[in-house]
Amino acid sequence: MSWSIEDIPRQNGRVAVVTGANGGLGEITAGALAGKGAHVVMAARDQAKATAARDRLLAQHPGASVEIVELDLGDLASVERAADAILAAHPAIDLLINNAGVMAMPQRRTADGFESQLGINHLGHWALTARLLPAVLRAPAARVVTLTSGAQHLGRPLDPDDPFLDRNYKPWLAYANSKLADRHFAQGLDRQFRAAGVPARALTAHPGLSDTGLQSHTVHEGGGGRLGPFFLTLTRRIGMTPARGALCQLRAATDPHATGGTMYGPRWNSSGPPVRRRLIRPGADHAIAVLWSVSRRLTGLDIDVSRVVAA
């Protein structure tokens with residue numbers, strides 16, 4: 001049977017942090033959760049777009065509880081400020097939706113010198129999760145959902161000696177690598193949750209071919225080559241709406257039967273209702289270990305659930 005927003009249980013009393021909530025899948029996710037009673041923290045870099053998204057959300061759900069926090073995932077100092085602001089207001093976080101991302105960008109660096117796609121899609125979310133982890137663990141049964149992509153299947157585990165592909169940078173490969181890193185991050189985090197004996201769970205979701213602003217941004221920035229306009233045209237013609245694409249991450253975040261360490265995506269890979277999808281290369285023990293090592297080294301932040309629990 002299909003699954004829709006109507007299947008989301010009431011979220012009253014819960015706090016949800018959604019990155020990239022100023023548009024696309026993030027805006028839909030924020031609206032769905034707020035409409036079900038959650039207090040939603042809309043974390044976004046572009047404050048003008050975030051304000052407009054909040055106004056649209058409140059017009060659709062009058063009386064919803066939302067706030068905006070400025071977050072630039074390409075700047076670890078901004079991540080720290082955002083996390084501090086969220087923690088000051090919310091001692092417990094029930095849902096952390098690591099949604100924001102970029103695709104097929106030209107070779108660029110973040111404020112901290114990271115390749116932009118790995119820096120924004122993975123390392124920024126790593127840093128945010130690390131800083132919010134104590135609040136996540138205080139929630140009765142928190143979930144951390146990280147957005148991946150079908151491109152993960154074209155990615156390679158990070159090379160610790162060349163994580164930014166400086167030797168031979170290719171925009172699409174850098175994107176695929178970052179999305180495989182997102183999936184390995186969720187798998188590794190869920191293993192830590194289970195090993196520590198806590199009720200929190202981590203999952204991944206991918207939205208298939210969804211017609212969001214992601215493709216047009218790729219074309220505008222010029223990193224996608226010939227594939228950029230191709231995917232933009234394809235998604236405009238046959239892609240799912242953002243409302244349908246967001247169902248995968250919403251199901252991962254709210255379905256009482258969803259289990260940690262799993263991935264939700266469209267039934268037919270590019271489209272269809274949100275279902276649990278089989279993980280390709282599901283073990284990836286070495287890749288996860290390398291990801292943790294590289295992420296710790298680059299950000300200066302560790303994610304060690306057992307240590308946080310014992311503190």
# chains A, B, ... in the order shown; residues from 1 in each chain; ligands from 1
call {"tool": "residues_around", "arguments": {"residues": "range 19-23 of chain A", "least_positions_apart": "3", "cutoff": "9 Å", "atoms": "only C-alpha atoms", "output": "PyMOL selection string"}}
result
chain A and resi 26-31+41-54+68+71+73+96-101+125+212-213
call {"tool": "write_last_selection", "arguments": {"atoms": "N, CA and C atoms", "output": "mmCIF file, in the first residue's frame"}}
result
data_model
loop_
_atom_site.group_PDB
_atom_site.id
_atom_site.type_symbol
_atom_site.label_atom_id
_atom_site.label_comp_id
_atom_site.auth_asym_id
_atom_site.auth_seq_id
_atom_site.Cartn_x
_atom_site.Cartn_y
_atom_site.Cartn_z
ATOM 1 N N GLY A 26 13.334 20.180 1.768
ATOM 2 C CA GLY A 26 13.417 20.629 3.150
ATOM 3 C C GLY A 26 12.198 21.422 3.568
ATOM 4 N N GLU A 27 11.719 22.279 2.681
ATOM 5 C CA GLU A 27 10.525 23.060 2.994
ATOM 6 C C GLU A 27 9.309 22.155 3.149
ATOM 7 N N ILE A 28 9.158 21.189 2.259
ATOM 8 C CA ILE A 28 8.039 20.252 2.359
ATOM 9 C C ILE A 28 8.130 19.459 3.657
ATOM 10 N N THR A 29 9.322 19.005 3.991
ATOM 11 C CA THR A 29 9.515 18.226 5.217
ATOM 12 C C THR A 29 9.172 19.052 6.445
ATOM 13 N N ALA A 30 9.655 20.271 6.475
ATOM 14 C CA ALA A 30 9.357 21.155 7.611
ATOM 15 C C ALA A 30 7.856 21.386 7.736
ATOM 16 N N GLY A 31 7.194 21.625 6.620
ATOM 17 C CA GLY A 31 5.758 21.873 6.649
ATOM 18 C C GLY A 31 4.962 20.664 7.109
ATOM 19 N N VAL A 41 12.585 23.541 13.708
ATOM 20 C CA VAL A 41 13.693 24.481 13.550
ATOM 21 C C VAL A 41 14.108 24.447 12.091
ATOM 22 N N MET A 42 13.857 25.525 11.388
ATOM 23 C CA MET A 42 14.206 25.622 9.975
ATOM 24 C C MET A 42 15.624 26.174 9.873
ATOM 25 N N ALA A 43 16.581 25.300 9.626
ATOM 26 C CA ALA A 43 17.989 25.689 9.569
ATOM 27 C C ALA A 43 18.374 25.911 8.116
ATOM 28 N N ALA A 44 18.796 27.134 7.772
ATOM 29 C CA ALA A 44 19.055 27.461 6.377
ATOM 30 C C ALA A 44 20.072 28.590 6.274
ATOM 31 N N ARG A 45 20.796 28.585 5.166
ATOM 32 C CA ARG A 45 21.805 29.624 4.931
ATOM 33 C C ARG A 45 21.165 30.921 4.457
ATOM 34 N N ASP A 46 20.282 30.838 3.471
ATOM 35 C CA ASP A 46 19.661 32.026 2.871
ATOM 36 C C ASP A 46 18.481 32.455 3.739
ATOM 37 N N GLN A 47 18.666 33.511 4.499
ATOM 38 C CA GLN A 47 17.636 33.924 5.451
ATOM 39 C C GLN A 47 16.407 34.516 4.768
ATOM 40 N N ALA A 48 16.576 35.175 3.649
ATOM 41 C CA ALA A 48 15.417 35.717 2.939
ATOM 42 C C ALA A 48 14.532 34.589 2.428
ATOM 43 N N LYS A 49 15.138 33.562 1.855
ATOM 44 C CA LYS A 49 14.365 32.413 1.380
ATOM 45 C C LYS A 49 13.744 31.653 2.545
ATOM 46 N N ALA A 50 14.482 31.560 3.648
ATOM 47 C CA ALA A 50 13.949 30.864 4.824
ATOM 48 C C ALA A 50 12.730 31.592 5.375
ATOM 49 N N THR A 51 12.782 32.910 5.400
ATOM 50 C CA THR A 51 11.644 33.693 5.883
ATOM 51 C C THR A 51 10.434 33.508 4.978
ATOM 52 N N ALA A 52 10.668 33.513 3.675
ATOM 53 C CA ALA A 52 9.557 33.297 2.738
ATOM 54 C C ALA A 52 8.971 31.901 2.899
ATOM 55 N N ALA A 53 9.849 30.899 3.107
ATOM 56 C CA ALA A 53 9.371 29.522 3.314
ATOM 57 C C ALA A 53 8.568 29.422 4.602
ATOM 58 N N ARG A 54 9.032 30.086 5.649
ATOM 59 C CA ARG A 54 8.298 30.072 6.915
ATOM 60 C C ARG A 54 6.918 30.698 6.743
ATOM 61 N N ILE A 68 13.451 29.993 12.777
ATOM 62 C CA ILE A 68 14.525 29.968 11.783
ATOM 63 C C ILE A 68 15.858 30.124 12.494
ATOM 64 N N LEU A 71 22.157 28.799 9.212
ATOM 65 C CA LEU A 71 23.118 27.696 9.146
ATOM 66 C C LEU A 71 23.750 27.651 7.774
ATOM 67 N N LEU A 73 26.307 25.286 6.055
ATOM 68 C CA LEU A 73 27.021 24.023 6.237
ATOM 69 C C LEU A 73 28.421 24.057 5.644
ATOM 70 N N LEU A 96 16.361 14.918 13.686
ATOM 71 C CA LEU A 96 17.372 15.714 12.986
ATOM 72 C C LEU A 96 17.370 15.237 11.544
ATOM 73 N N ILE A 97 16.934 16.099 10.639
ATOM 74 C CA ILE A 97 16.832 15.749 9.222
ATOM 75 C C ILE A 97 17.951 16.471 8.475
ATOM 76 N N ASN A 98 18.998 15.735 8.146
ATOM 77 C CA ASN A 98 20.147 16.282 7.416
ATOM 78 C C ASN A 98 19.811 16.275 5.928
ATOM 79 N N ASN A 99 19.109 17.307 5.496
ATOM 80 C CA ASN A 99 18.513 17.354 4.165
ATOM 81 C C ASN A 99 19.305 18.177 3.156
ATOM 82 N N ALA A 100 19.917 19.262 3.567
ATOM 83 C CA ALA A 100 20.506 20.224 2.625
ATOM 84 C C ALA A 100 21.646 19.601 1.826
ATOM 85 N N GLY A 101 21.872 20.138 0.631
ATOM 86 C CA GLY A 101 22.987 19.639 -0.164
ATOM 87 C C GLY A 101 23.115 20.366 -1.486
ATOM 88 N N HIS A 125 27.180 18.388 7.875
ATOM 89 C CA HIS A 125 26.200 17.633 8.644
ATOM 90 C C HIS A 125 26.871 16.793 9.733
ATOM 91 N N THR A 212 13.198 19.559 -7.914
ATOM 92 C CA THR A 212 13.486 20.614 -6.946
ATOM 93 C C THR A 212 14.424 21.630 -7.586
ATOM 94 N N GLY A 213 14.880 22.579 -6.803
ATOM 95 C CA GLY A 213 15.815 23.569 -7.322
ATOM 96 C C GLY A 213 17.232 23.058 -7.455
#
call {"tool": "select_by_dssp", "arguments": {"residues": "range 37-236 of chain A", "states": "alpha helix (DSSP H)", "output": "ChimeraX atom specification"}}
result
/A:47-60,76-89,116-117,124-138,171-196,213-221,227-236
call {"tool": "residues_around", "arguments": {"residues": "Trp268 in chain A", "least_positions_apart": "3", "cutoff": "12 Å", "atoms": "only C-alpha atoms", "output": "ChimeraX atom specification"}}
result
/A:150,206-209,240,264-265,271-277
call {"tool": "write_last_selection", "arguments": {"atoms": "N, CA, C and O atoms", "output": "PDB file, in the first residue's frame"}}
result
ATOM      1  N   GLY A 150      20.482   8.331  -5.357  1.00  0.00           N
ATOM      2  CA  GLY A 150      20.801   7.165  -6.169  1.00  0.00           C
ATOM      3  C   GLY A 150      22.221   7.226  -6.691  1.00  0.00           C
ATOM      4  O   GLY A 150      22.810   6.185  -7.035  1.00  0.00           O
ATOM      5  N   HIS A 206      16.525   8.548   0.079  1.00  0.00           N
ATOM      6  CA  HIS A 206      16.852   9.248  -1.168  1.00  0.00           C
ATOM      7  C   HIS A 206      15.558   9.544  -1.914  1.00  0.00           C
ATOM      8  O   HIS A 206      14.608   8.764  -1.874  1.00  0.00           O
ATOM      9  N   PRO A 207      15.497  10.713  -2.554  1.00  0.00           N
ATOM     10  CA  PRO A 207      14.229  11.205  -3.109  1.00  0.00           C
ATOM     11  C   PRO A 207      13.964  10.814  -4.548  1.00  0.00           C
ATOM     12  O   PRO A 207      13.026  11.324  -5.159  1.00  0.00           O
ATOM     13  N   GLY A 208      14.815   9.936  -5.129  1.00  0.00           N
ATOM     14  CA  GLY A 208      14.616   9.588  -6.527  1.00  0.00           C
ATOM     15  C   GLY A 208      14.806  10.800  -7.427  1.00  0.00           C
ATOM     16  O   GLY A 208      15.623  11.687  -7.153  1.00  0.00           O
ATOM     17  N   LEU A 209      14.059  10.836  -8.480  1.00  0.00           N
ATOM     18  CA  LEU A 209      14.135  11.951  -9.422  1.00  0.00           C
ATOM     19  C   LEU A 209      13.042  12.948  -9.049  1.00  0.00           C
ATOM     20  O   LEU A 209      11.886  12.801  -9.442  1.00  0.00           O
ATOM     21  N   MET A 240       9.289  13.591  -9.950  1.00  0.00           N
ATOM     22  CA  MET A 240       8.252  13.740  -8.940  1.00  0.00           C
ATOM     23  C   MET A 240       8.247  15.167  -8.412  1.00  0.00           C
ATOM     24  O   MET A 240       9.253  15.870  -8.442  1.00  0.00           O
ATOM     25  N   TYR A 264      15.203   4.510   2.885  1.00  0.00           N
ATOM     26  CA  TYR A 264      13.916   4.612   2.215  1.00  0.00           C
ATOM     27  C   TYR A 264      14.092   5.399   0.923  1.00  0.00           C
ATOM     28  O   TYR A 264      14.774   6.415   0.881  1.00  0.00           O
ATOM     29  N   GLY A 265      13.456   4.892  -0.132  1.00  0.00           N
ATOM     30  CA  GLY A 265      13.508   5.547  -1.429  1.00  0.00           C
ATOM     31  C   GLY A 265      12.288   5.185  -2.232  1.00  0.00           C
ATOM     32  O   GLY A 265      11.458   4.369  -1.804  1.00  0.00           O
ATOM     33  N   SER A 271      11.112   6.963  -9.074  1.00  0.00           N
ATOM     34  CA  SER A 271       9.778   7.455  -8.737  1.00  0.00           C
ATOM     35  C   SER A 271       9.008   6.372  -8.009  1.00  0.00           C
ATOM     36  O   SER A 271       9.446   5.223  -7.924  1.00  0.00           O
ATOM     37  N   GLY A 272       7.862   6.782  -7.485  1.00  0.00           N
ATOM     38  CA  GLY A 272       7.010   5.829  -6.796  1.00  0.00           C
ATOM     39  C   GLY A 272       6.873   6.121  -5.323  1.00  0.00           C
ATOM     40  O   GLY A 272       7.523   7.023  -4.787  1.00  0.00           O
ATOM     41  N   PRO A 273       6.031   5.360  -4.641  1.00  0.00           N
ATOM     42  CA  PRO A 273       5.808   5.584  -3.217  1.00  0.00           C
ATOM     43  C   PRO A 273       7.049   5.244  -2.404  1.00  0.00           C
ATOM     44  O   PRO A 273       7.904   4.454  -2.837  1.00  0.00           O
ATOM     45  N   PRO A 274       7.179   5.814  -1.213  1.00  0.00           N
ATOM     46  CA  PRO A 274       8.372   5.572  -0.393  1.00  0.00           C
ATOM     47  C   PRO A 274       8.343   4.176   0.235  1.00  0.00           C
ATOM     48  O   PRO A 274       7.374   3.807   0.910  1.00  0.00           O
ATOM     49  N   VAL A 275       9.397   3.419  -0.001  1.00  0.00           N
ATOM     50  CA  VAL A 275       9.494   2.067   0.542  1.00  0.00           C
ATOM     51  C   VAL A 275      10.915   1.849   1.054  1.00  0.00           C
ATOM     52  O   VAL A 275      11.851   2.579   0.700  1.00  0.00           O
ATOM     53  N   ARG A 276      11.070   0.822   1.864  1.00  0.00           N
ATOM     54  CA  ARG A 276      12.408   0.452   2.301  1.00  0.00           C
ATOM     55  C   ARG A 276      13.160  -0.162   1.138  1.00  0.00           C
ATOM     56  O   ARG A 276      12.651  -1.056   0.458  1.00  0.00           O
ATOM     57  N   ARG A 277      14.370   0.343   0.881  1.00  0.00           N
ATOM     58  CA  ARG A 277      15.175  -0.140  -0.242  1.00  0.00           C
ATOM     59  C   ARG A 277      16.370  -0.945   0.261  1.00  0.00           C
ATOM     60  O   ARG A 277      16.914  -0.661   1.327  1.00  0.00           O
TER      61      ARG A 277
END
call {"tool": "select_by_dssp", "arguments": {"residues": "range 46-210 of chain A", "states": "strand (DSSP E)", "output": "count of residues only"}}
result
20
call {"tool": "residues_around", "arguments": {"residues": "Asp159 in chain A", "least_positions_apart": "4", "cutoff": "9 Å", "atoms": "only C-alpha atoms", "output": "number ranges by chain"}}
result
A: 163-165, 290-291, 294
call {"tool": "closest_residue", "arguments": {"among": "A:Thr262, A:Asn177, A:Thr110, A:Thr129", "to": "Arg191 in chain A", "atoms": "only C-alpha atoms"}}
result
A:Thr262
call {"tool": "residues_around", "arguments": {"residues": "Gly225 in chain A", "least_positions_apart": "5", "cutoff": "10 Å", "atoms": "only C-alpha atoms", "output": "MDAnalysis selection string"}}
result
chainID A and resid 104:106 171:172 218:219 230
call {"tool": "closest_residue", "arguments": {"among": "A:Trp126, A:Leu189, A:Ala205, A:Pro266", "to": "Gln249 in chain A", "atoms": "only C-alpha atoms"}}
result
A:Ala205
call {"tool": "decode", "arguments": {"residues": "range 54-65 of chain A", "atoms": "N, CA, C and O atoms", "output": "JSON list (two decimals), in the first residue's frame"}}
result
[["chain", "number", "residue", "atom", "x", "y", "z"],
["A", 54, "ARG", "N", 9.03, 30.09, 5.65],
["A", 54, "ARG", "CA", 8.30, 30.07, 6.92],
["A", 54, "ARG", "C", 6.92, 30.70, 6.74],
["A", 54, "ARG", "O", 5.92, 30.18, 7.26],
["A", 55, "ASP", "N", 6.85, 31.81, 6.00],
["A", 55, "ASP", "CA", 5.57, 32.47, 5.79],
["A", 55, "ASP", "C", 4.61, 31.57, 5.01],
["A", 55, "ASP", "O", 3.40, 31.52, 5.30],
["A", 56, "ARG", "N", 5.13, 30.84, 4.02],
["A", 56, "ARG", "CA", 4.28, 29.90, 3.27],
["A", 56, "ARG", "C", 3.80, 28.77, 4.19],
["A", 56, "ARG", "O", 2.64, 28.34, 4.13],
["A", 57, "LEU", "N", 4.70, 28.30, 5.05],
["A", 57, "LEU", "CA", 4.33, 27.23, 5.99],
["A", 57, "LEU", "C", 3.23, 27.68, 6.93],
["A", 57, "LEU", "O", 2.25, 26.96, 7.15],
["A", 58, "LEU", "N", 3.36, 28.89, 7.47],
["A", 58, "LEU", "CA", 2.37, 29.38, 8.42],
["A", 58, "LEU", "C", 1.03, 29.69, 7.74],
["A", 58, "LEU", "O", -0.03, 29.57, 8.36],
["A", 59, "ALA", "N", 1.09, 30.05, 6.46],
["A", 59, "ALA", "CA", -0.15, 30.27, 5.73],
["A", 59, "ALA", "C", -0.90, 28.95, 5.53],
["A", 59, "ALA", "O", -2.14, 28.91, 5.56],
["A", 60, "GLN", "N", -0.14, 27.88, 5.36],
["A", 60, "GLN", "CA", -0.75, 26.57, 5.17],
["A", 60, "GLN", "C", -1.15, 25.93, 6.50],
["A", 60, "GLN", "O", -2.14, 25.20, 6.58],
["A", 61, "HIS", "N", -0.36, 26.22, 7.54],
["A", 61, "HIS", "CA", -0.61, 25.64, 8.86],
["A", 61, "HIS", "C", -0.64, 26.76, 9.90],
["A", 61, "HIS", "O", 0.31, 26.93, 10.67],
["A", 62, "PRO", "N", -1.72, 27.54, 9.95],
["A", 62, "PRO", "CA", -1.79, 28.63, 10.93],
["A", 62, "PRO", "C", -1.63, 28.09, 12.35],
["A", 62, "PRO", "O", -2.18, 27.06, 12.71],
["A", 63, "GLY", "N", -0.82, 28.80, 13.12],
["A", 63, "GLY", "CA", -0.59, 28.36, 14.49],
["A", 63, "GLY", "C", 0.52, 27.35, 14.64],
["A", 63, "GLY", "O", 0.82, 26.93, 15.77],
["A", 64, "ALA", "N", 1.16, 26.95, 13.54],
["A", 64, "ALA", "CA", 2.28, 26.01, 13.64],
["A", 64, "ALA", "C", 3.43, 26.64, 14.41],
["A", 64, "ALA", "O", 3.60, 27.87, 14.43],
["A", 65, "SER", "N", 4.24, 25.80, 15.04],
["A", 65, "SER", "CA", 5.36, 26.27, 15.85],
["A", 65, "SER", "C", 6.66, 26.09, 15.07],
["A", 65, "SER", "O", 7.12, 24.95, 14.86]]
